[in-house]
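As structure tokens, the structure follows; a few thoughts come after it.
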Number of protein chains: 2
Amino acid sequence: MTTEKRRAPAGAAVLRGEITTAIRRALMQELAAVGYGRLSIEAVARRAGVSKTAIYRRWSSKPQLVLEIVSAAAGQRLPLPDTGDLRGDLEILFMIMARALRHPLAAQIIPDLLAEAARNPQMAQTLEQVLRTNQRDIAGQLVGRAIERGQLGPDTDLDLAVDLIVGPLYWRLAVSRAPLSADDLPRLATMVATALEVACQPTVRSEPGFQPTPMTPGVDPIHP
Amino acid sequence: MTTEKRRAPAGAAVLRGEITTAIRRALMQELAAVGYGRLSIEAVARRAGVSKTAIYRRWSSKPQLVLEIVSAAAGQRLPLPDTGDLRGDLEILFMIMARALRHPLAAQIIPDLLAEAARNPQMAQTLEQVLRTNQRDIAGQLVGRAIERGQLGPDTDLDLAVDLIVGPLYWRLAVSRAPLSADDLPRLATMVATALEVACQPTVRSEPGFQPTPMTPGVDPIHP
DNA sequence: ACACGTCGGGACGCAACCGTACCGTCGCTG
DNA sequence: CAGCGACGGTACGGTTGCGTCCCGACGTGT
């Protein structure tokens, strides 16, 4: 309640936006260069041409810094145009994904943070919000449109659809890191669209013939 | 050439295998716990109940240690049975992959090392040998059989096929980390098999109708 | 039985980094 | 126009980890 007597910060006593921007940029570059595990505040400050204090004035600690900046950077929701066809929607989506994942910064940072999320609940929660729900929403509306059109059945498994849609391109661009020609995207879209249509068609066509082998967990593939 | 006068190490002067094993196991656990970036020799030694010297006697440095152990652990080639059908082969493969990726150690370590490989040429080369070529071989023989059977055309794009085969399951188990019921694997196999068959059928069925939007690289999805 | 030679362990010097306290500086507010 | 007050920067202890050196212990080959 004593805050009423204090006057608001003004003049030189206000955070300089240019320095904040420099820190944000430096953090992303440093994150790409050394990864979350090795990230050090000192290195970020050096790269930004700024003192550590400038960072600690804005963010309380290293996790807080990374989480806030990453959230802000990845939180942009981009609209997905409706082409009127499942395959067309997929191709648009693939182009957006490819453009994002081709950027060196994103291609370095995203897998790194996803790996970190596997052991860091805070990071997992943050990425869940800014990445996964975003993707699930996008894939969700994409699948939803296809259902409305009758291209897919209403009982389509959304999770499996997301895997099929996102998995191949993520693997290619973020994991395998092999070059991908522009021609491949339409082909991939065709393949995925066909797979979805066949597996989730309104007209059910179950095809038994191969009985699944029972799971045998307990064998260690890594080491005895 | 003075080595001729030296006699071979024997007795207590020979490396104790139990300690080597303890180091290997501790390294994997530590790698899963903190990741490659934060990995410290001291922590490995602590976890193994061993002194640092015991480690430095066996491996010269941290990268060398990790690369050697990871190579040894992941280098096991497992045979892929021939079910006589593309979909059956895929289902078997998916079960093998799922069993491997469901192990907490592997699920933590593999994405972490893949992310590290993006900035570490040594790591990239090692993983290339022990993981990617392994997968490419497996997928290659799987596709090769399908081609022999006539299920796929001889001009099948192997790279794209690998993406489609490996991507979804890797995304689901290693990135998204969502639970995957046993029923999902056969369904996924059906979807992928269908996608491959349609896109790579000997009877070419090209279907134009959507002209690809040109690539526009240069827009930064991360930050201006 | 002896001696050889490496073993594993503890200790050390060095370097990097975290988070904080203190300092002079500067521009708005009254 | 005067001074308040947070700014950005430097300096500082404390901690952690790397890689090395020295030490006593110990089992085999001569």
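Chains: A, B, ... in order of the structure tokens. Residues: from 1 per chain. Ligands: from 1, in order shown.
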After a least-squares superposition on chain B over all sequentially paired C-alpha atoms, what is chain A as a PDB file with C-alpha atoms, in the first residue's frame?
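Result written to part_22.pdb:
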```
ATOM      1  CA  MET A   1      59.775 -50.333 -30.987  1.00  0.00           C
ATOM      2  CA  THR A   2      60.731 -50.325 -27.343  1.00  0.00           C
ATOM      3  CA  THR A   3      57.409 -51.942 -26.625  1.00  0.00           C
ATOM      4  CA  GLU A   4      58.987 -55.299 -27.183  1.00  0.00           C
ATOM      5  CA  LYS A   5      60.768 -55.129 -23.868  1.00  0.00           C
ATOM      6  CA  ARG A   6      57.588 -54.248 -21.953  1.00  0.00           C
ATOM      7  CA  ARG A   7      55.444 -57.081 -20.831  1.00  0.00           C
ATOM      8  CA  ALA A   8      51.707 -57.184 -21.318  1.00  0.00           C
ATOM      9  CA  PRO A   9      49.441 -55.863 -18.544  1.00  0.00           C
ATOM     10  CA  ALA A  10      48.267 -58.602 -16.285  1.00  0.00           C
ATOM     11  CA  GLY A  11      46.841 -59.236 -12.869  1.00  0.00           C
ATOM     12  CA  ALA A  12      45.653 -56.126 -11.115  1.00  0.00           C
ATOM     13  CA  ALA A  13      46.980 -54.103 -14.033  1.00  0.00           C
ATOM     14  CA  VAL A  14      44.105 -54.965 -16.311  1.00  0.00           C
ATOM     15  CA  LEU A  15      40.870 -53.016 -16.630  1.00  0.00           C
ATOM     16  CA  ARG A  16      38.107 -54.455 -14.515  1.00  0.00           C
ATOM     17  CA  GLY A  17      35.107 -55.246 -16.645  1.00  0.00           C
ATOM     18  CA  GLU A  18      32.634 -54.684 -13.850  1.00  0.00           C
ATOM     19  CA  ILE A  19      33.747 -51.079 -13.554  1.00  0.00           C
ATOM     20  CA  THR A  20      33.539 -50.563 -17.297  1.00  0.00           C
ATOM     21  CA  THR A  21      30.002 -51.908 -17.251  1.00  0.00           C
ATOM     22  CA  ALA A  22      29.054 -49.666 -14.361  1.00  0.00           C
ATOM     23  CA  ILE A  23      30.347 -46.655 -16.254  1.00  0.00           C
ATOM     24  CA  ARG A  24      28.402 -47.567 -19.376  1.00  0.00           C
ATOM     25  CA  ARG A  25      25.205 -47.970 -17.449  1.00  0.00           C
ATOM     26  CA  ALA A  26      25.717 -44.798 -15.480  1.00  0.00           C
ATOM     27  CA  LEU A  27      26.406 -42.844 -18.629  1.00  0.00           C
ATOM     28  CA  MET A  28      23.141 -43.891 -20.203  1.00  0.00           C
ATOM     29  CA  GLN A  29      21.189 -43.020 -17.086  1.00  0.00           C
ATOM     30  CA  GLU A  30      22.920 -39.703 -16.689  1.00  0.00           C
ATOM     31  CA  LEU A  31      22.392 -38.932 -20.352  1.00  0.00           C
ATOM     32  CA  ALA A  32      18.699 -39.549 -19.942  1.00  0.00           C
ATOM     33  CA  ALA A  33      18.531 -37.515 -16.770  1.00  0.00           C
ATOM     34  CA  VAL A  34      20.348 -34.340 -17.759  1.00  0.00           C
ATOM     35  CA  GLY A  35      20.974 -34.610 -21.487  1.00  0.00           C
ATOM     36  CA  TYR A  36      24.124 -34.389 -23.525  1.00  0.00           C
ATOM     37  CA  GLY A  37      24.560 -30.691 -22.987  1.00  0.00           C
ATOM     38  CA  ARG A  38      24.692 -30.848 -19.221  1.00  0.00           C
ATOM     39  CA  LEU A  39      26.425 -34.185 -19.024  1.00  0.00           C
ATOM     40  CA  SER A  40      29.400 -34.120 -16.696  1.00  0.00           C
ATOM     41  CA  ILE A  41      32.034 -36.753 -16.184  1.00  0.00           C
ATOM     42  CA  GLU A  42      31.928 -36.178 -12.460  1.00  0.00           C
ATOM     43  CA  ALA A  43      28.226 -36.982 -12.326  1.00  0.00           C
ATOM     44  CA  VAL A  44      28.750 -40.142 -14.320  1.00  0.00           C
ATOM     45  CA  ALA A  45      31.536 -41.188 -11.978  1.00  0.00           C
ATOM     46  CA  ARG A  46      29.390 -40.455  -8.937  1.00  0.00           C
ATOM     47  CA  ARG A  47      26.451 -42.407 -10.304  1.00  0.00           C
ATOM     48  CA  ALA A  48      28.662 -45.346 -11.207  1.00  0.00           C
ATOM     49  CA  GLY A  49      30.363 -45.295  -7.804  1.00  0.00           C
ATOM     50  CA  VAL A  50      33.682 -44.887  -9.536  1.00  0.00           C
ATOM     51  CA  SER A  51      36.401 -42.278  -9.667  1.00  0.00           C
ATOM     52  CA  LYS A  52      36.943 -39.957 -12.599  1.00  0.00           C
ATOM     53  CA  THR A  53      40.278 -41.543 -13.297  1.00  0.00           C
ATOM     54  CA  ALA A  54      38.613 -44.836 -14.020  1.00  0.00           C
ATOM     55  CA  ILE A  55      36.719 -43.109 -16.790  1.00  0.00           C
ATOM     56  CA  TYR A  56      39.617 -41.175 -18.228  1.00  0.00           C
ATOM     57  CA  ARG A  57      41.645 -44.354 -18.367  1.00  0.00           C
ATOM     58  CA  ARG A  58      39.106 -45.866 -20.724  1.00  0.00           C
ATOM     59  CA  TRP A  59      38.009 -42.908 -22.790  1.00  0.00           C
ATOM     60  CA  SER A  60      39.961 -39.815 -23.618  1.00  0.00           C
ATOM     61  CA  SER A  61      37.246 -37.193 -23.348  1.00  0.00           C
ATOM     62  CA  LYS A  62      33.569 -36.588 -22.947  1.00  0.00           C
ATOM     63  CA  PRO A  63      32.576 -36.679 -26.632  1.00  0.00           C
ATOM     64  CA  GLN A  64      34.627 -39.772 -27.223  1.00  0.00           C
ATOM     65  CA  LEU A  65      33.004 -41.447 -24.248  1.00  0.00           C
ATOM     66  CA  VAL A  66      29.478 -40.679 -25.318  1.00  0.00           C
ATOM     67  CA  LEU A  67      30.007 -41.500 -28.957  1.00  0.00           C
ATOM     68  CA  GLU A  68      31.590 -44.852 -28.266  1.00  0.00           C
ATOM     69  CA  ILE A  69      28.994 -45.962 -25.770  1.00  0.00           C
ATOM     70  CA  VAL A  70      26.066 -44.768 -27.814  1.00  0.00           C
ATOM     71  CA  SER A  71      27.398 -46.461 -30.902  1.00  0.00           C
ATOM     72  CA  ALA A  72      27.814 -49.706 -29.065  1.00  0.00           C
ATOM     73  CA  ALA A  73      24.348 -49.511 -27.548  1.00  0.00           C
ATOM     74  CA  ALA A  74      22.471 -48.574 -30.701  1.00  0.00           C
ATOM     75  CA  GLY A  75      24.466 -50.540 -33.208  1.00  0.00           C
ATOM     76  CA  GLN A  76      22.614 -53.789 -32.765  1.00  0.00           C
ATOM     77  CA  ARG A  77      21.069 -54.766 -36.047  1.00  0.00           C
ATOM     78  CA  LEU A  78      17.834 -56.596 -35.616  1.00  0.00           C
ATOM     79  CA  PRO A  79      16.442 -58.772 -38.376  1.00  0.00           C
ATOM     80  CA  LEU A  80      13.106 -57.953 -39.901  1.00  0.00           C
ATOM     81  CA  PRO A  81      10.980 -61.012 -40.643  1.00  0.00           C
ATOM     82  CA  ASP A  82       9.285 -61.266 -44.005  1.00  0.00           C
ATOM     83  CA  THR A  83       5.534 -61.657 -43.588  1.00  0.00           C
ATOM     84  CA  GLY A  84       4.942 -61.719 -47.320  1.00  0.00           C
ATOM     85  CA  ASP A  85       2.900 -58.552 -47.241  1.00  0.00           C
ATOM     86  CA  LEU A  86       3.780 -54.879 -47.080  1.00  0.00           C
ATOM     87  CA  ARG A  87       1.269 -54.154 -44.384  1.00  0.00           C
ATOM     88  CA  GLY A  88       2.413 -57.092 -42.308  1.00  0.00           C
ATOM     89  CA  ASP A  89       6.044 -56.035 -42.615  1.00  0.00           C
ATOM     90  CA  LEU A  90       5.121 -52.541 -41.543  1.00  0.00           C
ATOM     91  CA  GLU A  91       3.249 -53.784 -38.533  1.00  0.00           C
ATOM     92  CA  ILE A  92       6.203 -55.855 -37.401  1.00  0.00           C
ATOM     93  CA  LEU A  93       8.507 -52.907 -37.907  1.00  0.00           C
ATOM     94  CA  PHE A  94       6.198 -50.623 -35.958  1.00  0.00           C
ATOM     95  CA  MET A  95       6.126 -53.039 -33.080  1.00  0.00           C
ATOM     96  CA  ILE A  96       9.885 -53.166 -32.981  1.00  0.00           C
ATOM     97  CA  MET A  97      10.093 -49.390 -33.105  1.00  0.00           C
ATOM     98  CA  ALA A  98       7.423 -48.967 -30.486  1.00  0.00           C
ATOM     99  CA  ARG A  99       9.093 -51.394 -28.154  1.00  0.00           C
ATOM    100  CA  ALA A 100      12.386 -49.534 -28.532  1.00  0.00           C
ATOM    101  CA  LEU A 101      10.971 -46.043 -28.210  1.00  0.00           C
ATOM    102  CA  ARG A 102       8.797 -46.936 -25.231  1.00  0.00           C
ATOM    103  CA  HIS A 103      11.813 -47.562 -23.069  1.00  0.00           C
ATOM    104  CA  PRO A 104      12.312 -44.455 -20.970  1.00  0.00           C
ATOM    105  CA  LEU A 105      16.046 -44.406 -21.531  1.00  0.00           C
ATOM    106  CA  ALA A 106      15.764 -44.547 -25.290  1.00  0.00           C
ATOM    107  CA  ALA A 107      12.862 -42.128 -25.404  1.00  0.00           C
ATOM    108  CA  GLN A 108      14.894 -39.592 -23.483  1.00  0.00           C
ATOM    109  CA  ILE A 109      18.264 -40.108 -25.078  1.00  0.00           C
ATOM    110  CA  ILE A 110      17.432 -40.420 -28.755  1.00  0.00           C
ATOM    111  CA  PRO A 111      15.738 -37.053 -29.256  1.00  0.00           C
ATOM    112  CA  ASP A 112      18.430 -35.422 -27.183  1.00  0.00           C
ATOM    113  CA  LEU A 113      21.247 -36.822 -29.271  1.00  0.00           C
ATOM    114  CA  LEU A 114      19.447 -36.059 -32.508  1.00  0.00           C
ATOM    115  CA  ALA A 115      19.097 -32.448 -31.438  1.00  0.00           C
ATOM    116  CA  GLU A 116      22.753 -32.359 -30.520  1.00  0.00           C
ATOM    117  CA  ALA A 117      23.671 -33.851 -33.868  1.00  0.00           C
ATOM    118  CA  ALA A 118      22.233 -30.775 -35.535  1.00  0.00           C
ATOM    119  CA  ARG A 119      25.145 -28.732 -34.225  1.00  0.00           C
ATOM    120  CA  ASN A 120      27.817 -31.338 -33.664  1.00  0.00           C
ATOM    121  CA  PRO A 121      29.288 -32.924 -36.801  1.00  0.00           C
ATOM    122  CA  GLN A 122      30.905 -35.726 -34.859  1.00  0.00           C
ATOM    123  CA  MET A 123      27.624 -36.637 -33.241  1.00  0.00           C
ATOM    124  CA  ALA A 124      25.828 -36.327 -36.539  1.00  0.00           C
ATOM    125  CA  GLN A 125      28.220 -38.696 -38.225  1.00  0.00           C
ATOM    126  CA  THR A 126      27.983 -41.237 -35.441  1.00  0.00           C
ATOM    127  CA  LEU A 127      24.212 -41.221 -35.375  1.00  0.00           C
ATOM    128  CA  GLU A 128      24.175 -41.354 -39.135  1.00  0.00           C
ATOM    129  CA  GLN A 129      25.992 -44.641 -38.925  1.00  0.00           C
ATOM    130  CA  VAL A 130      24.186 -46.285 -36.063  1.00  0.00           C
ATOM    131  CA  LEU A 131      20.670 -44.989 -36.524  1.00  0.00           C
ATOM    132  CA  ARG A 132      19.864 -43.595 -39.897  1.00  0.00           C
ATOM    133  CA  THR A 133      21.617 -46.135 -42.067  1.00  0.00           C
ATOM    134  CA  ASN A 134      20.142 -48.823 -39.915  1.00  0.00           C
ATOM    135  CA  GLN A 135      16.674 -47.468 -40.440  1.00  0.00           C
ATOM    136  CA  ARG A 136      17.305 -46.823 -44.098  1.00  0.00           C
ATOM    137  CA  ASP A 137      18.470 -50.373 -44.525  1.00  0.00           C
ATOM    138  CA  ILE A 138      15.430 -51.735 -42.757  1.00  0.00           C
ATOM    139  CA  ALA A 139      13.002 -49.539 -44.624  1.00  0.00           C
ATOM    140  CA  GLY A 140      14.982 -50.215 -47.762  1.00  0.00           C
ATOM    141  CA  GLN A 141      14.623 -53.958 -47.580  1.00  0.00           C
ATOM    142  CA  LEU A 142      11.007 -53.563 -46.576  1.00  0.00           C
ATOM    143  CA  VAL A 143      10.309 -51.449 -49.630  1.00  0.00           C
ATOM    144  CA  GLY A 144      12.501 -53.677 -51.762  1.00  0.00           C
ATOM    145  CA  ARG A 145      10.438 -56.711 -50.892  1.00  0.00           C
ATOM    146  CA  ALA A 146       7.250 -54.839 -51.706  1.00  0.00           C
ATOM    147  CA  ILE A 147       8.689 -53.915 -55.082  1.00  0.00           C
ATOM    148  CA  GLU A 148       9.580 -57.532 -55.778  1.00  0.00           C
ATOM    149  CA  ARG A 149       6.059 -58.562 -54.904  1.00  0.00           C
ATOM    150  CA  GLY A 150       4.671 -55.925 -57.222  1.00  0.00           C
ATOM    151  CA  GLN A 151       2.998 -54.047 -54.400  1.00  0.00           C
ATOM    152  CA  LEU A 152       5.084 -50.987 -55.146  1.00  0.00           C
ATOM    153  CA  GLY A 153       6.522 -49.610 -58.346  1.00  0.00           C
ATOM    154  CA  PRO A 154      10.243 -49.880 -58.985  1.00  0.00           C
ATOM    155  CA  ASP A 155      10.573 -46.108 -59.090  1.00  0.00           C
ATOM    156  CA  THR A 156       9.499 -45.705 -55.474  1.00  0.00           C
ATOM    157  CA  ASP A 157      11.182 -42.767 -53.742  1.00  0.00           C
ATOM    158  CA  LEU A 158      12.965 -44.435 -50.892  1.00  0.00           C
ATOM    159  CA  ASP A 159      13.578 -41.234 -48.947  1.00  0.00           C
ATOM    160  CA  LEU A 160       9.948 -40.245 -48.996  1.00  0.00           C
ATOM    161  CA  ALA A 161       8.967 -43.778 -48.071  1.00  0.00           C
ATOM    162  CA  VAL A 162      11.260 -43.669 -45.056  1.00  0.00           C
ATOM    163  CA  ASP A 163       9.728 -40.389 -43.958  1.00  0.00           C
ATOM    164  CA  LEU A 164       6.249 -41.798 -44.185  1.00  0.00           C
ATOM    165  CA  ILE A 165       7.173 -44.989 -42.392  1.00  0.00           C
ATOM    166  CA  VAL A 166       9.316 -43.651 -39.583  1.00  0.00           C
ATOM    167  CA  GLY A 167       7.890 -40.184 -39.097  1.00  0.00           C
ATOM    168  CA  PRO A 168       4.459 -40.770 -37.584  1.00  0.00           C
ATOM    169  CA  LEU A 169       5.533 -43.284 -34.977  1.00  0.00           C
ATOM    170  CA  TYR A 170       8.617 -41.290 -34.017  1.00  0.00           C
ATOM    171  CA  TRP A 171       6.498 -38.195 -33.652  1.00  0.00           C
ATOM    172  CA  ARG A 172       3.956 -39.965 -31.512  1.00  0.00           C
ATOM    173  CA  LEU A 173       6.339 -41.772 -29.192  1.00  0.00           C
ATOM    174  CA  ALA A 174       9.393 -39.546 -29.024  1.00  0.00           C
ATOM    175  CA  VAL A 175       8.024 -36.058 -29.544  1.00  0.00           C
ATOM    176  CA  SER A 176       4.361 -35.938 -28.707  1.00  0.00           C
ATOM    177  CA  ARG A 177       4.798 -38.649 -26.081  1.00  0.00           C
ATOM    178  CA  ALA A 178       1.127 -39.424 -26.090  1.00  0.00           C
ATOM    179  CA  PRO A 179      -0.002 -42.891 -25.085  1.00  0.00           C
ATOM    180  CA  LEU A 180      -0.465 -45.264 -27.961  1.00  0.00           C
ATOM    181  CA  SER A 181      -2.744 -48.240 -27.583  1.00  0.00           C
ATOM    182  CA  ALA A 182      -1.853 -51.583 -29.085  1.00  0.00           C
ATOM    183  CA  ASP A 183      -4.753 -51.264 -31.499  1.00  0.00           C
ATOM    184  CA  ASP A 184      -3.260 -48.185 -33.083  1.00  0.00           C
ATOM    185  CA  LEU A 185      -0.246 -49.930 -34.536  1.00  0.00           C
ATOM    186  CA  PRO A 186      -2.152 -52.100 -36.992  1.00  0.00           C
ATOM    187  CA  ARG A 187      -4.249 -49.130 -37.990  1.00  0.00           C
ATOM    188  CA  LEU A 188      -1.166 -47.035 -38.559  1.00  0.00           C
ATOM    189  CA  ALA A 189       0.365 -49.855 -40.588  1.00  0.00           C
ATOM    190  CA  THR A 190      -2.724 -49.991 -42.760  1.00  0.00           C
ATOM    191  CA  MET A 191      -2.661 -46.265 -43.314  1.00  0.00           C
ATOM    192  CA  VAL A 192       1.002 -46.139 -44.225  1.00  0.00           C
ATOM    193  CA  ALA A 193       0.830 -49.204 -46.439  1.00  0.00           C
ATOM    194  CA  THR A 194      -2.098 -47.743 -48.318  1.00  0.00           C
ATOM    195  CA  ALA A 195      -0.377 -44.429 -48.753  1.00  0.00           C
ATOM    196  CA  LEU A 196       2.700 -46.126 -50.150  1.00  0.00           C
ATOM    197  CA  GLU A 197       0.716 -48.346 -52.462  1.00  0.00           C
ATOM    198  CA  VAL A 198      -1.267 -45.492 -53.880  1.00  0.00           C
ATOM    199  CA  ALA A 199       1.628 -43.142 -54.351  1.00  0.00           C
ATOM    200  CA  CYS A 200       4.054 -45.673 -55.739  1.00  0.00           C
ATOM    201  CA  GLN A 201       1.851 -48.002 -57.656  1.00  0.00           C
ATOM    202  CA  PRO A 202       3.311 -49.586 -60.788  1.00  0.00           C
ATOM    203  CA  THR A 203       0.244 -48.347 -62.647  1.00  0.00           C
ATOM    204  CA  VAL A 204       0.958 -44.645 -62.644  1.00  0.00           C
ATOM    205  CA  ARG A 205      -2.008 -42.560 -61.696  1.00  0.00           C
ATOM    206  CA  SER A 206      -0.957 -38.955 -61.757  1.00  0.00           C
ATOM    207  CA  GLU A 207      -3.639 -36.616 -60.556  1.00  0.00           C
ATOM    208  CA  PRO A 208      -3.109 -32.959 -61.345  1.00  0.00           C
ATOM    209  CA  GLY A 209      -5.581 -30.449 -60.076  1.00  0.00           C
ATOM    210  CA  PHE A 210      -3.757 -28.415 -57.481  1.00  0.00           C
ATOM    211  CA  GLN A 211      -0.896 -26.280 -58.668  1.00  0.00           C
ATOM    212  CA  PRO A 212       1.748 -25.911 -55.993  1.00  0.00           C
ATOM    213  CA  THR A 213       2.162 -22.512 -54.431  1.00  0.00           C
ATOM    214  CA  PRO A 214       5.685 -21.201 -54.992  1.00  0.00           C
ATOM    215  CA  MET A 215       8.060 -21.254 -52.073  1.00  0.00           C
ATOM    216  CA  THR A 216       8.725 -17.950 -50.407  1.00  0.00           C
ATOM    217  CA  PRO A 217      11.730 -18.359 -48.163  1.00  0.00           C
ATOM    218  CA  GLY A 218      12.847 -15.274 -46.343  1.00  0.00           C
ATOM    219  CA  VAL A 219      10.013 -14.727 -43.950  1.00  0.00           C
ATOM    220  CA  ASP A 220      11.112 -15.405 -40.439  1.00  0.00           C
ATOM    221  CA  PRO A 221       8.566 -17.369 -38.465  1.00  0.00           C
ATOM    222  CA  ILE A 222      10.497 -16.865 -35.275  1.00  0.00           C
ATOM    223  CA  HIS A 223      11.057 -13.183 -35.032  1.00  0.00           C
ATOM    224  CA  PRO A 224      11.536 -10.130 -37.272  1.00  0.00           C
TER     225      PRO A 224
END
```
Give me the chain C side of the contact with chain A, cut-off 7 Å, one line per residue showing its nearest atom pair and distance in Å at one decimal, counting only C-alpha atoms (C1' of nucleotides), sorted by chain and residue number, as a tab-separated table.
```
residue	atom	partner	partner_atom	distance
C:DC26	C1'	A:Ala12	CA	5.5
C:DG27	C1'	A:Gly11	CA	4.2
C:DC28	C1'	A:Gly11	CA	4.3
```
Written selection (N, CA and C atoms (P, O5', C5', C4', C3', O3' and C1' of nucleotides)) as a CSV table (one decimal), in the first residue's frame:
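As a result, result26.csv now contains:
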```csv
chain,number,residue,atom,x,y,z
C,26,DC,P,25.7,10.2,-18.6
C,26,DC,O5',24.1,10.2,-18.7
C,26,DC,C5',23.4,9.0,-19.1
C,26,DC,C4',21.9,9.2,-18.8
C,26,DC,C3',21.3,10.5,-19.2
C,26,DC,O3',20.2,10.3,-20.0
C,26,DC,C1',20.7,10.0,-17.0
C,27,DG,P,19.8,11.4,-21.1
C,27,DG,O5',18.2,11.5,-20.9
C,27,DG,C5',17.4,10.3,-20.8
C,27,DG,C4',16.2,10.5,-20.0
C,27,DG,C3',15.4,11.8,-20.3
C,27,DG,O3',14.0,11.5,-20.3
C,27,DG,C1',16.0,11.8,-18.1
C,28,DC,P,13.0,12.4,-21.1
C,28,DC,O5',11.7,12.4,-20.2
C,28,DC,C5',11.2,11.1,-19.8
C,28,DC,C4',10.8,11.2,-18.3
C,28,DC,C3',9.6,12.1,-18.0
C,28,DC,O3',8.7,11.4,-17.1
C,28,DC,C1',11.4,12.7,-16.6
```
Kindly provide, as a CSV table (one decimal) with C-alpha atoms (C1' of nucleotides), in the first residue's frame, the residues of chain D having any atom no farther than 8 Å from an atom of chain B, counting only C-alpha atoms (C1' of nucleotides).
```csv
chain,number,residue,atom,x,y,z
D,17,DG,C1',33.2,-29.4,-13.5
D,26,DC,C1',47.2,-55.8,-5.8
D,27,DG,C1',47.6,-59.9,-8.9
D,28,DT,C1',50.5,-62.1,-12.5
```
Computed gap from atom C1' of C:DA16 to atom C1' of D:DC21 is 22.4 Å
Could you please write out, as an MDAnalysis selection string, every residue of stretch 12-223 of chain B that DSSP assigns to helix (DSSP H, G or I)? chainID B and resid 12:13 17:38 41:48 52:58 62:74 86:102 104:117 121:149 158:176 184:199
Write out as a count of residues only the residues lying within 12 Å of C:DA15, counting only C-alpha atoms (C1' of nucleotides) and excluding same-chain residues fewer than 5 positions away. 4
